[in-house]
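Structure file target32.csv; described as CSV, C-alpha atoms and all ligand atoms.
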chain,number,residue,atom,x,y,z
A,116,MET,CA,0.0,0.0,0.0
A,117,ALA,CA,1.8,3.1,-1.2
A,118,GLY,CA,0.3,6.4,-0.1
A,119,VAL,CA,-2.2,6.8,2.6
A,120,VAL,CA,-4.2,9.9,3.4
A,121,ILE,CA,-5.9,10.1,6.8
A,122,LEU,CA,-8.5,12.8,7.6
A,123,THR,CA,-9.5,13.2,11.2
A,124,GLY,CA,-12.4,15.1,12.8
A,125,ALA,CA,-13.7,16.0,16.2
A,126,GLY,CA,-14.4,12.3,17.0
A,127,VAL,CA,-10.7,11.6,17.3
A,128,SER,CA,-10.4,14.1,20.2
A,129,ALA,CA,-13.8,13.3,21.8
A,130,GLU,CA,-12.4,10.8,24.3
A,131,SER,CA,-9.8,13.5,25.3
A,132,GLY,CA,-12.8,15.4,26.6
A,133,LEU,CA,-13.0,17.9,23.7
A,134,GLY,CA,-16.6,18.4,22.4
A,135,THR,CA,-17.7,17.4,18.9
A,136,PHE,CA,-19.9,19.7,16.9
A,137,ARG,CA,-23.0,17.7,15.8
A,138,ASP,CA,-23.3,15.0,18.3
A,139,VAL,CA,-25.9,15.3,21.1
A,140,GLY,CA,-24.7,18.2,23.2
A,141,GLY,CA,-22.2,19.2,20.5
A,142,LEU,CA,-20.9,22.7,20.2
A,143,TRP,CA,-23.2,23.7,17.4
A,144,THR,CA,-26.2,22.6,19.5
A,145,ARG,CA,-25.1,25.1,22.2
A,146,TYR,CA,-23.7,28.0,20.2
A,147,ASP,CA,-24.9,29.8,17.0
A,148,LEU,CA,-22.0,29.1,14.6
A,149,THR,CA,-22.9,32.2,12.6
A,150,GLU,CA,-22.1,34.3,15.6
A,151,VAL,CA,-18.8,32.7,16.6
A,152,ALA,CA,-17.4,30.9,13.5
A,153,THR,CA,-17.9,33.4,10.6
A,154,PRO,CA,-16.0,36.5,9.6
A,155,GLU,CA,-19.3,38.4,9.8
A,156,GLY,CA,-19.8,37.2,13.4
A,157,PHE,CA,-16.3,38.4,14.2
A,158,ALA,CA,-16.9,41.8,12.6
A,159,ARG,CA,-20.1,42.2,14.6
A,160,ASN,CA,-18.8,41.1,18.0
A,161,PRO,CA,-15.1,40.3,18.2
A,162,ALA,CA,-15.2,40.0,22.0
A,163,LEU,CA,-17.8,37.2,21.8
A,164,VAL,CA,-15.7,35.4,19.3
A,165,HIS,CA,-12.6,35.7,21.4
A,166,ASP,CA,-14.5,34.5,24.5
A,167,PHE,CA,-15.7,31.4,22.5
A,168,TYR,CA,-12.2,30.5,21.3
A,169,ASN,CA,-10.5,31.4,24.7
A,170,ALA,CA,-12.8,28.7,26.2
A,171,ARG,CA,-11.9,26.2,23.4
A,172,ARG,CA,-8.2,27.0,23.7
A,173,ALA,CA,-8.3,26.4,27.5
A,174,ASN,CA,-10.1,23.1,27.0
A,175,ALA,CA,-7.6,22.0,24.3
A,176,LEU,CA,-4.6,23.0,26.3
A,177,ASP,CA,-5.9,21.3,29.4
A,178,ALA,CA,-6.8,18.1,27.4
A,179,ALA,CA,-4.4,15.2,26.9
A,180,PRO,CA,-3.8,13.2,23.6
A,181,ASN,CA,-5.6,9.8,23.7
A,182,ALA,CA,-4.7,6.3,22.4
A,183,ALA,CA,-5.9,7.2,18.9
A,184,HIS,CA,-3.6,10.2,18.7
A,185,LEU,CA,-0.7,8.1,19.9
A,186,ALA,CA,-1.4,5.3,17.5
A,187,LEU,CA,-1.6,7.7,14.5
A,188,ALA,CA,1.8,9.2,15.6
A,189,ARG,CA,3.3,5.7,15.6
A,190,LEU,CA,1.9,5.1,12.1
A,191,LEU,CA,3.3,8.4,10.8
A,192,ASP,CA,6.7,7.5,12.3
A,193,ALA,CA,6.7,4.0,10.7
A,194,ARG,CA,5.3,5.0,7.3
A,195,PRO,CA,6.6,8.2,5.6
A,196,ASP,CA,4.0,7.7,2.8
A,197,VAL,CA,1.2,8.5,5.3
A,198,THR,CA,-0.3,12.1,5.2
A,199,LEU,CA,-2.3,13.3,8.2
A,200,VAL,CA,-4.9,16.0,7.5
A,201,THR,CA,-7.0,17.2,10.3
A,202,GLN,CA,-10.1,19.4,10.5
A,203,ASN,CA,-9.4,19.8,14.2
A,204,ILE,CA,-8.0,23.0,15.6
A,205,ASP,CA,-6.6,21.3,18.8
A,206,ASP,CA,-2.9,20.3,19.0
A,207,LEU,CA,-3.5,16.8,20.4
A,208,HIS,CA,-2.0,15.1,17.3
A,209,GLU,CA,1.2,17.0,17.8
A,210,ARG,CA,1.2,16.4,21.6
A,211,GLY,CA,0.6,12.8,20.8
A,212,GLY,CA,3.9,12.8,18.8
A,213,ALA,CA,2.7,13.4,15.2
A,214,ARG,CA,4.8,15.7,13.0
A,215,ALA,CA,3.8,17.5,9.8
A,216,VAL,CA,0.1,17.5,10.6
A,217,ILE,CA,-1.9,19.5,8.0
A,218,HIS,CA,-4.4,21.7,9.9
A,219,MET,CA,-6.9,22.6,7.1
A,220,HIS,CA,-9.1,24.5,9.5
A,221,GLY,CA,-6.2,26.3,11.3
A,222,GLN,CA,-5.0,25.9,14.9
A,223,ILE,CA,-6.3,27.2,18.3
A,224,THR,CA,-2.7,27.7,19.3
A,225,ARG,CA,-2.1,30.3,16.6
A,226,ALA,CA,-3.2,33.9,16.1
A,227,ARG,CA,-3.6,36.0,13.0
A,228,CYS,CA,-3.9,39.7,12.3
A,229,ALA,CA,-7.2,40.5,10.4
A,230,ALA,CA,-5.5,43.7,9.1
A,231,CYS,CA,-2.0,42.6,7.9
A,232,ASP,CA,-2.3,38.7,8.0
A,233,HIS,CA,0.7,38.4,10.3
A,234,ARG,CA,0.6,35.0,12.2
A,235,TRP,CA,2.1,34.1,15.6
A,236,ASP,CA,1.7,31.7,18.5
A,237,ALA,CA,-1.6,32.7,20.3
A,238,PRO,CA,-1.5,33.7,24.0
A,239,ARG,CA,-3.7,31.5,26.2
A,240,VAL,CA,-6.2,34.3,26.4
A,241,MET,CA,-6.8,36.6,23.5
A,242,ASP,CA,-8.6,40.0,23.7
A,243,ARG,CA,-10.1,42.2,21.0
A,244,SER,CA,-7.8,45.0,22.2
A,245,ASP,CA,-4.6,43.0,21.7
A,246,ALA,CA,-2.3,44.7,19.2
A,247,CYS,CA,-0.8,42.8,16.3
A,248,PRO,CA,2.9,42.3,17.0
A,249,ALA,CA,3.7,43.3,13.4
A,250,CYS,CA,1.3,46.2,12.5
A,251,ALA,CA,0.2,47.2,16.1
A,252,ARG,CA,-3.4,47.4,15.0
A,253,PRO,CA,-6.1,45.9,17.4
A,254,ALA,CA,-7.3,43.4,14.7
A,255,THR,CA,-6.1,40.1,16.2
A,256,ARG,CA,-8.2,36.9,15.6
A,257,PRO,CA,-7.7,33.2,16.2
A,258,ASP,CA,-5.9,31.6,13.2
A,259,ILE,CA,-8.9,29.5,12.5
A,260,VAL,CA,-10.7,29.0,9.2
A,261,TRP,CA,-14.4,30.1,9.7
A,262,PHE,CA,-17.4,29.1,7.6
A,263,GLY,CA,-17.2,30.9,4.3
A,264,GLU,CA,-13.4,31.1,4.3
A,265,MET,CA,-11.1,28.9,2.2
A,266,PRO,CA,-9.5,26.1,4.2
A,267,TYR,CA,-5.7,26.0,4.3
A,268,HIS,CA,-3.3,23.7,2.3
A,269,MET,CA,-5.9,22.6,-0.2
A,270,ASP,CA,-3.2,22.2,-3.0
A,271,ARG,CA,-1.1,19.9,-0.8
A,272,ILE,CA,-4.2,17.9,0.1
A,273,ALA,CA,-5.4,17.6,-3.5
A,274,ASP,CA,-2.0,16.3,-4.5
A,275,ALA,CA,-2.0,13.7,-1.7
A,276,LEU,CA,-5.6,12.6,-2.5
A,277,ALA,CA,-4.6,12.1,-6.2
A,278,ALA,CA,-1.6,10.0,-5.3
A,279,CYS,CA,-3.0,7.8,-2.4
A,280,ASP,CA,-4.0,4.2,-2.6
A,281,LEU,CA,-6.0,4.4,0.7
A,282,PHE,CA,-8.1,7.2,2.2
A,283,VAL,CA,-9.1,6.9,5.8
A,284,ALA,CA,-11.7,9.2,7.5
A,285,ILE,CA,-11.6,9.0,11.3
A,286,GLY,CA,-14.2,10.6,13.6
A,287,THR,CA,-15.8,13.0,11.2
A,288,SER,CA,-19.5,13.3,10.2
A,289,GLY,CA,-18.6,14.2,6.6
A,290,GLU,CA,-21.0,17.1,6.7
A,291,VAL,CA,-18.6,20.0,6.0
A,292,TYR,CA,-17.0,20.6,2.6
A,293,PRO,CA,-14.4,20.6,1.1
A,294,ALA,CA,-13.3,17.9,3.7
A,295,ALA,CA,-16.5,15.9,3.2
A,296,GLY,CA,-15.7,15.5,-0.5
A,297,PHE,CA,-12.2,14.0,0.0
A,298,VAL,CA,-13.5,10.4,0.1
A,299,GLU,CA,-15.1,10.8,-3.4
A,300,GLU,CA,-12.0,12.6,-4.7
A,301,ALA,CA,-9.7,9.8,-3.5
A,302,ALA,CA,-12.0,7.1,-4.8
A,303,ALA,CA,-12.1,8.9,-8.2
A,304,PHE,CA,-8.3,8.4,-8.3
A,305,GLY,CA,-8.7,4.7,-7.6
A,306,ALA,CA,-8.1,4.7,-3.8
A,307,GLU,CA,-9.7,2.3,-1.4
A,308,THR,CA,-11.7,4.1,1.3
A,309,LEU,CA,-12.1,3.3,5.0
A,310,GLU,CA,-14.2,5.0,7.7
A,311,ILE,CA,-13.4,4.6,11.4
A,312,ASN,CA,-16.2,6.1,13.4
A,313,LEU,CA,-18.4,5.6,16.5
A,314,GLU,CA,-21.4,5.7,14.1
A,315,PRO,CA,-21.0,5.2,10.3
A,316,SER,CA,-21.5,8.6,8.7
A,317,ALA,CA,-23.2,7.4,5.5
A,318,PRO,CA,-23.8,3.7,4.4
A,319,GLY,CA,-22.2,2.9,1.1
A,320,ARG,CA,-19.9,6.0,1.1
A,321,PHE,CA,-16.8,4.0,2.1
A,322,ASP,CA,-15.5,0.7,0.9
A,323,ARG,CA,-15.0,-0.4,4.5
A,324,VAL,CA,-16.2,0.8,7.8
A,325,ILE,CA,-14.7,0.0,11.2
A,326,GLN,CA,-17.2,1.0,13.9
A,327,GLY,CA,-16.2,1.9,17.4
A,328,PRO,CA,-14.6,4.5,19.7
A,329,ALA,CA,-11.4,6.0,18.3
A,330,THR,CA,-9.3,4.9,21.3
A,331,GLU,CA,-10.1,1.3,20.5
A,332,ALA,CA,-10.7,1.2,16.7
A,333,VAL,CA,-7.7,3.4,15.7
A,334,PRO,CA,-4.9,1.5,17.6
A,335,ALA,CA,-6.4,-1.8,16.3
A,336,TRP,CA,-6.4,-0.6,12.7
A,337,VAL,CA,-2.8,0.9,13.1
A,338,ALA,CA,-1.6,-2.5,14.5
A,339,GLU,CA,-3.2,-4.2,11.5
A,340,VAL,CA,-1.4,-1.8,9.0
A,341,LEU,CA,1.9,-2.1,10.8
A,342,ALA,CA,1.7,-5.9,10.7
A,343,THR,CA,1.4,-6.0,6.9
A,401,LIG,N1,-14.8,7.8,18.4
A,401,LIG,C1,-14.9,7.9,17.1
A,401,LIG,N2,-15.8,8.8,16.5
A,401,LIG,C2,-16.5,9.5,17.3
A,401,LIG,C3,-16.4,9.5,18.7
A,401,LIG,C4,-15.5,8.6,19.2
A,401,LIG,N3,-15.3,8.5,20.6
A,401,LIG,N4,-17.3,10.4,19.2
A,401,LIG,C5,-17.9,11.0,18.1
A,401,LIG,N5,-17.4,10.5,17.0
A,401,LIG,C6,-17.8,10.8,15.6
A,401,LIG,C7,-19.3,11.1,15.4
A,401,LIG,O1,-20.0,9.9,15.1
A,401,LIG,C8,-19.3,12.0,14.2
A,401,LIG,O2,-19.2,11.3,13.0
A,401,LIG,O3,-17.2,12.1,15.3
A,401,LIG,C9,-17.9,12.8,14.4
A,401,LIG,C10,-18.1,14.2,14.9
A,401,LIG,O4,-18.8,14.9,13.8
A,401,LIG,P1,-18.8,16.5,13.9
A,401,LIG,O5,-19.2,16.9,15.3
A,401,LIG,O6,-19.6,17.0,12.7
A,401,LIG,O7,-17.3,16.9,13.8
A,401,LIG,P2,-16.4,17.1,12.4
A,401,LIG,O8,-16.8,16.1,11.4
A,401,LIG,O9,-15.0,17.1,12.8
A,401,LIG,O10,-16.8,18.6,11.9
A,401,LIG,C11,-16.2,19.0,10.8
A,401,LIG,O11,-17.2,21.2,11.0
A,401,LIG,O12,-17.9,22.8,12.4
A,401,LIG,C12,-17.0,22.5,11.5
A,401,LIG,O13,-14.8,23.3,11.5
A,401,LIG,C13,-15.6,22.5,12.2
A,401,LIG,O14,-13.8,21.0,11.8
A,401,LIG,C14,-15.2,21.0,12.1
A,401,LIG,C15,-16.0,20.5,10.9
So that I can check it, write out the structure of this file as structure tokens.
Amino acid sequence: MAGVVILTGAGVSAESGLGTFRDVGGLWTRYDLTEVATPEGFARNPALVHDFYNARRANALDAAPNAAHLALARLLDARPDVTLVTQNIDDLHERGGARAVIHMHGQITRARCAACDHRWDAPRVMDRSDACPACARPATRPDIVWFGEMPYHMDRIADALAACDLFVAIGTSGEVYPAAGFVEEAAAFGAETLEINLEPSAPGRFDRVIQGPATEAVPAWVAEVLAT
């Protein structure tokens, strides 16, 4: 098997205590995403948006990587032909030992200037009055891709999808594009497709489904791959 692309979603961090979005009690059942995860929402009320991401940053920094993050790091170490793309903004893949993680929706640990696009490591708590370290304007925002914005690294991801023999989606509902379209894109290039999820996202969408919690299903799958 030469060339594997893995896409993770909130389900891979769920057992680390970080909420998902669309499960029962998920973030988007408690917050109006148009207020806290769109450029318009940020323009209307930057303080509300910073409060929302300050809470998610604290949760992420206080969480620990779980067995799924650790297993994926082992796989990446053993197999240089594996590309890990994540929709998650937490840094649990990195703290679990993974390197070169492609964060297509940005990172909660990074900040960005809405005025000059400068980027830097985010402080634990961000405030709307923070000045950009480069241009000094009070236009700082989390370096996170909001709804309506273009995800990061799409060229690199497209190249990896075109070249892979196996595409694996782990812990994602497959509801948000462009990530939701990666399985079709990889299949169109002849890749086999596998879903690892607590609940299968859509019957028939993947060649193979492994159902179970990520902390059990992912280490078992990684062991299977490393044994071949
Ligand atoms: N193990 C495995 N999968 C799990 C677990 C678990 N313990 N718990 C939940 N899941 C699965 C759910 O079955 C669901 O398919 O994780 C998925 C979570 O789906 P969403 O909440 O929609 O999260 P995600 O797919 O990552 O959302 C994609 O939407 O809001 C945007 O930018 C945000 O990156 C996010 C994107």
**Request:** Would you please work out which residue, of A:Val216, A:Cys228, A:Val151, A:Ile285, is nearest to Val200 (chain A) when using only C-alpha atoms?
**Result:**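 Smallest distance to Val200 (chain A) is found for A:Val216.
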**Item:** Counting only C-alpha atoms and all ligand atoms, the option among A:Glu339, A:Asp232, A:Asp280, A:Glu310 closest to ligand LIG 401 (chain A)
**Value:**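 Closest to ligand LIG 401 (chain A), using only C-alpha atoms and all ligand atoms: A:Glu310.
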**Prompt:** Looking at A:Asn181, A:Thr224, A:Ser244, A:Thr287, which one is nearest to ligand LIG 401 (chain A), with distances taken over only C-alpha atoms and all ligand atoms?
**Reply:**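 Among the listed residues, the smallest separation from ligand LIG 401 (chain A) belongs to A:Thr287.
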**Request:** Go through the chains and note each residue within 8 Å of ligand LIG 401 (chain A), using only C-alpha atoms and all ligand atoms, then give the set as JSON, numbers by chain.
**Result:** {"A": [123, 124, 125, 126, 127, 128, 129, 130, 134, 135, 136, 137, 138, 141, 142, 143, 148, 201, 202, 203, 204, 220, 260, 261, 262, 285, 286, 287, 288, 289, 290, 291, 294, 311, 312, 313, 314, 315, 316, 326, 327, 328, 329, 330, 332]}
**Request:** Would you list the contacts of Ala158 (chain A) as a VMD selection string, taking every protein, DNA or RNA residue within 12 Å and counting only C-alpha atoms, but skipping same-chain residues closer than 5 positions in sequence?
**Result:** chain A and resid 149 to 153 163 to 165 229 243 254 to 256
**Item:** Closest of A:Val119, A:Ala179, A:Ile259, A:Cys247 to Met219 (chain A) - atom-to-atom distances counting only C-alpha atoms
**Value:**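 Smallest separation from Met219 (chain A) among the options: A:Ile259.
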What's around Asn169 (chain A) at 9 Å? Count all atoms listed in the file, leave out sequence neighbours fewer than 5 positions away in its own chain, and write the answer as a tab-separated table (two decimals) with C-alpha atoms, in the coordinates of the input.
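This is the output file part_19.tsv:
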chain	number	residue	atom	x	y	z
A	164	VAL	CA	-15.70	35.40	19.30
A	174	ASN	CA	-10.10	23.10	27.00
A	223	ILE	CA	-6.30	27.20	18.30
A	239	ARG	CA	-3.70	31.50	26.20
A	240	VAL	CA	-6.20	34.30	26.40
A	241	MET	CA	-6.80	36.60	23.50
A	242	ASP	CA	-8.60	40.00	23.70
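Taking CA of Ser131 (chain A) and CA of Phe282 (chain A) as endpoints, the distance between them is 24.0 Å.
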**Prompt:** Taking into account all atoms listed in the file, which residue in the set A:Pro266, A:Gly212, A:Pro257, A:Gly305 is nearest to Ala183 (chain A)?
**Reply:** A:Gly212
**Fill in**
Using only C-alpha atoms, the residue out of A:Gly221, A:Pro334, A:Pro195, A:Gly319 with shortest distance to Val120 (chain A) is A:Pro195
**Prompt:** Do you have the CA of Trp235 (chain A)-CA of Arg271 (chain A) distance handy?
**Reply:**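 Pair CA of Trp235 (chain A) / CA of Arg271 (chain A) returns 21.9 Å.
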**Coordinates-based distance that separates CA of Ala342 (chain A) from CA of His184 (chain A) (Å, one decimal)** = 18.7 Å
**Request:** Excluding Ala303 (chain A) and any residue of its chain fewer than 2 positions from it, enumerate the residues within 12 Å of it, using only C-alpha atoms, and give them as a count of residues only.
**Result:** 18
**Request:** Quick one: residues within 7 Å of (-10.4, 20.8, 23.8) (file frame), counting all atoms listed in the file, please, as a ChimeraX atom specification.
**Result:** /A:132-134,171-172,174-176,178,205
